[in-house]
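In what follows, a single structure is set out as structure tokens and then discussed.
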Amino acid sequence: MSKREGSLPPRLESIVYTADGDGYDWRLAWGIVAVLLVAIPWLGAGTFELRILIGVLMWIGLAQSWNMIGGYAGYLDFGHGAYFGIGAFVTGIAMVSLSLPFLPALVLAGIFGAVFAYAIGVPTLRLKGAYFAIATWAFAEAMRQLALLLDITGGTSGLTLPSTMAAFGIPLPDLPRVIYLYYIMLVLSVGVVVLTYVLFEHHEFGYKVKAVRDNEDAAESLGIDATRIKRQVYVLSCTTAAVLGGAYAFYITFVHPQEVLDSMITAQMVIMALVGGLGTILGPIIGGALIFLLDRLSALYFGSDTMYISLMGLLIMLVVLFAPDGIVGLLTGETDASDIRSNLNSLLEKFKFQ
Amino acid sequence: MDLFIQTLINGLLLGGIYISVGIGFALVFGVLEVIDFAVGEYVMVGAFAGSVLAAGLGIDALFVVPLVFVAFYAIGFFVQPFLHHVTTSNVPMPILMALVFTFGVAFFARGGILTTFGPNTREVPTSIATGGVTVSAIGTFPVARVLTGIFGIVAVAAFLYYLYNTKGGLAIRAIAEDRTDARLMGINIARYQSVAYGMYAGLTATAGVFIGIIFAADPGMGMQYTAFAFFMVVLAGMGYLPGIIVSGLVLGVAQAMFSTYVSGAWVFFVLFALVYVVLLVSPQGILGRGEPVS
């Protein structure tokens, strides 16, 4: 981020403000983060740490991909996970049945995801609000059922992918596989975040998308082709989910409908974007990292994968009730203590039954 | 032919209980404008409540039905203010935020049950609803299914009676039509919305007890009934109550026919695909009487 003076609340300012400068410079901070991310496999991170980081990166990418359609465009896509699964299956089928290397298989997953998203998006985007949410949800569940029934997806037994780096596509030096997978996920995830930042925060496209979200009629009266914009956002966000799904398939080397097409995948994307802050670039990054780590920690310390489901449910309820702008809203001061108090008061108001 | 009639009657009996799930759901959409993603989880938690209460008190599951209704009426009564708060708050998309809230409720319920009772199914104990009723020339029907069908019909009839023949029902229907006008007529919005949501939660949970008697209580069953509820309201047209009776029976019969004559494996694919296609082709339901897409 470039220099932006006075646009942060005091509590953030005190963290990033440098006394000798006339403002703060995010470029240095981001530079350090970038160097750290690239260097981390050589700084003593083992397989365990790298696997955790791969998960964090993937979920940041997925949350950001949902944020495009759900946050920036305001369309509640409850079937986004279908594209993650489609990407995983296309990659798997291309590598197993067509014996393609990983790279062309991943490109194929992206192309397939885009074509599919366009074909589904054209009719589905005619629906609005809750109708769109139900339609996409039904579509995703139908995809899962279909994948369980078809032969090409391996049905109920799933697909097993080649697990050596020989299947990558280009010859590579002999390093542990997890390091390559880490870099694959790093490139893809950072790519998604940068793409979102450039397109939605810096480009004219982003303003058009937000205009359509905030008032479609007004946007159209200004000459914006709302239908086209919505299709573009939908195809873009679904394609990125499909590509990440493909990378996940290569990482986990086993693709099963109940796993890659699980409705929890969509749910996690929604929750991460929501908890972080909808329609912001930082929101899904914070939300994705935080919630993925919470999931891992709860599995580690409580030894229970199910407790986490109810914790997530509780988190959604609290965020919706008291901090609809998410963590980013709290950090930037958009939601402060007085907002939470007034929310609480108006909530108590609703309990007056007499 | 006997098999056909038997399948048809079995389907109609199942349809009876589906209606009692769908009708409250449709009412809540009309009154609160909220699509409740937690509907199936009320069925699931209801089935578990029936199982735990019946086993704990050592009585037949049929006798805990009123208890379950009262308990879930109370739960629903106090969940509604939260939804009301979200739908009337000044966030950019209040209705969608409420939908996300119910998503949270669903996860909370499912995770809670999974953590408390583990992933296994539980029997809902009953000694009354066992065995079969033999109808000459057609076949034998399980008592559990017959009682379930009868309960479904009675519950829906009572629900509709309340809605169309009492002052409270009138208030609820007025809110469904126009919340602001209803308030101006002196209706306590908070109370009657809570009554509507409480009845929906109670009705859905008691339906869950009966579904649990037929199939057992399963922590993963919620999703299926959420799908069923969506199927019914989408087919009937959002917010159009009488349509639910048709679509509930269609659902029950279609499920029974599909399992008997085609294959159980394809039922869910067809169901979800139909929800999707009907929404695209005729978003106001196949009867065309639902609320327009807004």
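In the structure tokens, the first chain shown is A, the next is B, and so on; residue numbers restart at 1 for each chain, and ligands run from 1 in the order shown.
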
With only C-alpha atoms as the counted atoms, please give the residues lying no more than 10 Å from A:Ile111, apart from itself and same-chain residues fewer than 4 positions off, as an MDAnalysis selection string.
chainID A and resid 87 90 105:107 115:117 239 242:243

Selection near A:Leu148, 9 Å with only C-alpha atoms, sequence-local residues under 2 positions removed, as a short mmCIF file (atom, residue, chain, number, x, y, z; two decimals) with N, CA and C atoms, in the first residue's frame:
```cif
data_model
loop_
_atom_site.label_atom_id
_atom_site.label_comp_id
_atom_site.auth_asym_id
_atom_site.auth_seq_id
_atom_site.Cartn_x
_atom_site.Cartn_y
_atom_site.Cartn_z
N MET A 143 -24.20 -31.18 -7.42
CA MET A 143 -22.87 -31.56 -7.93
C MET A 143 -22.26 -32.66 -7.07
N ARG A 144 -22.41 -32.52 -5.74
CA ARG A 144 -21.84 -33.52 -4.84
C ARG A 144 -22.51 -34.88 -5.07
N GLN A 145 -23.84 -34.86 -5.17
CA GLN A 145 -24.56 -36.10 -5.40
C GLN A 145 -24.15 -36.72 -6.72
N LEU A 146 -23.97 -35.89 -7.74
CA LEU A 146 -23.59 -36.37 -9.06
C LEU A 146 -22.21 -37.02 -9.01
N LEU A 150 -21.23 -40.80 -10.45
CA LEU A 150 -20.57 -41.00 -11.73
C LEU A 150 -19.34 -41.91 -11.60
N ASP A 151 -18.98 -42.55 -12.71
CA ASP A 151 -17.81 -43.41 -12.72
C ASP A 151 -16.52 -42.60 -12.85
N THR A 153 -15.61 -39.82 -11.74
CA THR A 153 -15.12 -39.19 -10.52
C THR A 153 -14.71 -40.23 -9.48
N GLY A 154 -14.82 -41.50 -9.85
CA GLY A 154 -14.48 -42.54 -8.89
C GLY A 154 -15.62 -42.89 -7.95
N GLY A 155 -16.78 -42.24 -8.16
CA GLY A 155 -17.96 -42.54 -7.34
C GLY A 155 -17.68 -42.40 -5.86
N THR A 156 -18.11 -43.39 -5.09
CA THR A 156 -17.94 -43.30 -3.64
C THR A 156 -16.54 -43.67 -3.18
N SER A 157 -15.69 -44.17 -4.11
CA SER A 157 -14.33 -44.52 -3.66
C SER A 157 -13.31 -43.43 -3.96
N GLY A 158 -13.66 -42.44 -4.77
CA GLY A 158 -12.77 -41.31 -4.99
C GLY A 158 -11.63 -41.62 -5.95
N HIS A 256 -12.13 -37.02 -3.00
CA HIS A 256 -13.38 -37.73 -2.73
C HIS A 256 -14.53 -36.73 -2.66
N PRO A 257 -15.68 -37.07 -3.27
CA PRO A 257 -16.80 -36.12 -3.30
C PRO A 257 -17.19 -35.61 -1.91
N GLN A 258 -17.21 -36.51 -0.92
CA GLN A 258 -17.65 -36.08 0.41
C GLN A 258 -16.66 -35.12 1.05
N ALA B 265 -30.30 -44.08 -4.71
CA ALA B 265 -29.08 -43.29 -4.86
C ALA B 265 -29.32 -41.97 -5.60
#
```

Distance limit 7 Å, atoms considered: only C-alpha atoms. Which chain B residues sit that close to chain A? Return them as a PyMOL selection string.
chain B and resi 35+81-82+84-86+96-97+101+104-105+107-112+114-115+188+190-191+268-269+272-273+275-276+279-280+293-294

Counting only C-alpha atoms, what is within 7 Å of stretch 214-218 of chain B, bar same-chain residues fewer than 6 positions away, as a PyMOL selection string?
chain B and resi 44+47-48+120-124+144-145

With N, CA and C atoms retained, export the selected residues as a PDB file, in the first residue's frame.
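What landed in out-v7.pdb:
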```pdb
ATOM      1  N   MET B  44     -33.374 -32.333  13.496  1.00  0.00           N
ATOM      2  CA  MET B  44     -32.340 -33.211  14.063  1.00  0.00           C
ATOM      3  C   MET B  44     -32.306 -33.096  15.593  1.00  0.00           C
ATOM      4  N   ALA B  47     -35.276 -34.704  17.140  1.00  0.00           N
ATOM      5  CA  ALA B  47     -35.165 -36.163  17.202  1.00  0.00           C
ATOM      6  C   ALA B  47     -34.290 -36.576  18.392  1.00  0.00           C
ATOM      7  N   PHE B  48     -33.186 -35.852  18.603  1.00  0.00           N
ATOM      8  CA  PHE B  48     -32.309 -36.168  19.745  1.00  0.00           C
ATOM      9  C   PHE B  48     -33.008 -35.884  21.070  1.00  0.00           C
ATOM     10  N   ASN B 120     -22.636 -41.167  16.193  1.00  0.00           N
ATOM     11  CA  ASN B 120     -23.499 -42.322  15.929  1.00  0.00           C
ATOM     12  C   ASN B 120     -24.983 -41.974  16.009  1.00  0.00           C
ATOM     13  N   THR B 121     -25.799 -42.823  15.372  1.00  0.00           N
ATOM     14  CA  THR B 121     -27.236 -42.612  15.429  1.00  0.00           C
ATOM     15  C   THR B 121     -27.752 -43.129  16.773  1.00  0.00           C
ATOM     16  N   ARG B 122     -28.884 -42.565  17.193  1.00  0.00           N
ATOM     17  CA  ARG B 122     -29.523 -42.988  18.451  1.00  0.00           C
ATOM     18  C   ARG B 122     -30.949 -43.421  18.144  1.00  0.00           C
ATOM     19  N   GLU B 123     -31.367 -44.449  18.845  1.00  0.00           N
ATOM     20  CA  GLU B 123     -32.733 -44.908  18.667  1.00  0.00           C
ATOM     21  C   GLU B 123     -33.680 -43.982  19.439  1.00  0.00           C
ATOM     22  N   VAL B 124     -34.853 -43.738  18.880  1.00  0.00           N
ATOM     23  CA  VAL B 124     -35.886 -43.025  19.623  1.00  0.00           C
ATOM     24  C   VAL B 124     -36.854 -44.091  20.134  1.00  0.00           C
ATOM     25  N   ALA B 144     -45.624 -47.004  13.034  1.00  0.00           N
ATOM     26  CA  ALA B 144     -44.893 -45.749  13.199  1.00  0.00           C
ATOM     27  C   ALA B 144     -45.227 -44.773  12.071  1.00  0.00           C
ATOM     28  N   ARG B 145     -45.274 -45.295  10.853  1.00  0.00           N
ATOM     29  CA  ARG B 145     -45.543 -44.409   9.720  1.00  0.00           C
ATOM     30  C   ARG B 145     -46.976 -43.906   9.715  1.00  0.00           C
TER      31      ARG B 145
END
```

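Excluding A:Leu293 and any residue on its chain fewer than 3 positions from it, the residues at most 12 Å away by only C-alpha atoms are Glu49, Arg51, Ile52, Leu53, Ile54, Gly55, Val56, Leu57, Trp59, Ile60, Met272, Ile286, Gly287, Gly288, Ala289, Leu290, Arg296, Leu297, Ser298, Ala299, Leu300, Tyr301 and Tyr308 of chain A.
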
Residues from last step as file, C-alpha atoms, as a PDB file, in the first residue's frame:
```
ATOM      1  CA  GLU A  49       4.809 -26.110   9.991  1.00  0.00           C
ATOM      2  CA  ARG A  51       1.589 -28.068   6.051  1.00  0.00           C
ATOM      3  CA  ILE A  52      -0.062 -25.627   8.437  1.00  0.00           C
ATOM      4  CA  LEU A  53       1.150 -22.739   6.268  1.00  0.00           C
ATOM      5  CA  ILE A  54      -0.133 -24.435   3.107  1.00  0.00           C
ATOM      6  CA  GLY A  55      -3.549 -24.651   4.766  1.00  0.00           C
ATOM      7  CA  VAL A  56      -3.441 -21.020   5.863  1.00  0.00           C
ATOM      8  CA  LEU A  57      -2.469 -19.882   2.373  1.00  0.00           C
ATOM      9  CA  TRP A  59      -7.891 -20.733   2.921  1.00  0.00           C
ATOM     10  CA  ILE A  60      -6.799 -17.123   2.513  1.00  0.00           C
ATOM     11  CA  MET A 272     -13.706 -16.434   7.006  1.00  0.00           C
ATOM     12  CA  ILE A 286      -7.186 -12.061   8.593  1.00  0.00           C
ATOM     13  CA  GLY A 287     -10.310 -14.232   8.721  1.00  0.00           C
ATOM     14  CA  GLY A 288      -8.785 -17.047   6.660  1.00  0.00           C
ATOM     15  CA  ALA A 289      -5.614 -17.273   8.739  1.00  0.00           C
ATOM     16  CA  LEU A 290      -7.400 -16.887  12.073  1.00  0.00           C
ATOM     17  CA  ARG A 296      -6.165 -26.704  13.825  1.00  0.00           C
ATOM     18  CA  LEU A 297      -5.682 -25.598  17.422  1.00  0.00           C
ATOM     19  CA  SER A 298      -9.060 -26.915  18.514  1.00  0.00           C
ATOM     20  CA  ALA A 299      -8.255 -30.250  16.846  1.00  0.00           C
ATOM     21  CA  LEU A 300      -4.876 -30.258  18.590  1.00  0.00           C
ATOM     22  CA  TYR A 301      -5.952 -29.247  22.086  1.00  0.00           C
ATOM     23  CA  TYR A 308     -14.989 -26.458  16.231  1.00  0.00           C
TER      24      TYR A 308
END
```

Going by DSSP on the backbone, which bits of stretch 119-323 of chain A are helix (DSSP H, G or I)? Write them as a PyMOL selection string, please.
chain A and resi 119-124+129-149+155-157+165-167+177-202+204-214+216-221+226-252+257-260+263-276+282-301+307-322

With only C-alpha atoms as the counted atoms, please give the residues lying no more than 8 Å from B:Tyr225, apart from itself and same-chain residues fewer than 2 positions off, as a compact mmCIF listing (two decimals) with C-alpha atoms, in the first residue's frame.
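The new file result.txt reads:
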```
# COMPACT_ATOMS: atom_id res chain seq x y z
CA VAL B 39 -34.73 -25.75 9.68
CA GLY B 40 -33.25 -29.22 9.24
CA GLU B 41 -31.24 -28.85 12.43
CA VAL B 43 -35.64 -31.61 13.03
CA MET B 221 -29.74 -35.78 9.19
CA GLY B 222 -30.34 -32.03 9.37
CA MET B 223 -29.00 -31.20 5.95
CA ALA B 227 -33.08 -29.66 1.57
CA PHE B 228 -36.62 -31.02 1.89
CA ALA B 229 -37.90 -27.75 3.36
```

Contact residues around A:Glu216 with only C-alpha atoms at 12 Å, ignoring same-chain residues under 4 positions, as a ChimeraX atom specification:
/A:73-74,128,208-212,220-227,229-230

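Going from atom CA of B:Val267 over to atom CA of B:Gln224, you cover 11.1 Å.
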
Find the spatial neighbours of B:Phe78, counting only C-alpha atoms, within a cut-off of 10 Å - ignore same-chain residues fewer than 5 positions away - and output them as number ranges by chain.
A: 350-351; B: 72-73, 83, 194-195, 197-198

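Minimum atom-to-atom distance to A:Arg231, evaluated using only C-alpha atoms, belongs to A:Ala119 out of A:Ile252, A:Thr335, A:Ala29, A:Ala119.
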
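Note that the spacing between atom CA of B:Val146 and atom CA of B:Gly208 amounts to 15.4 Å.
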
Write out as a compact mmCIF listing (two decimals) with N, CA and C atoms, in the first residue's frame all residues of stretch 14-150 of chain B that DSSP puts in strand (DSSP E) for this structure's backbone.
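Here's the written file states.txt:
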```txt
# COMPACT_ATOMS: atom_id res chain seq x y z
N GLY B 132 -47.18 -53.60 12.68
CA GLY B 132 -47.78 -53.11 11.44
C GLY B 132 -49.28 -53.15 11.47
N VAL B 133 -49.88 -52.34 10.63
CA VAL B 133 -51.33 -52.35 10.45
C VAL B 133 -51.58 -53.04 9.11
N THR B 134 -52.38 -54.08 9.11
CA THR B 134 -52.65 -54.76 7.85
C THR B 134 -53.97 -54.28 7.27
N VAL B 135 -53.87 -53.80 6.04
CA VAL B 135 -55.08 -53.39 5.34
C VAL B 135 -55.33 -54.45 4.29
N GLY B 139 -51.86 -54.31 1.84
CA GLY B 139 -50.59 -54.71 2.44
C GLY B 139 -50.50 -54.25 3.88
N THR B 140 -49.31 -54.37 4.44
CA THR B 140 -49.10 -54.00 5.82
C THR B 140 -48.34 -52.69 5.90
N PHE B 141 -48.78 -51.80 6.77
CA PHE B 141 -48.08 -50.53 6.96
C PHE B 141 -47.55 -50.45 8.37
N PRO B 142 -46.30 -49.99 8.54
CA PRO B 142 -45.75 -49.87 9.88
C PRO B 142 -46.59 -48.88 10.69
```
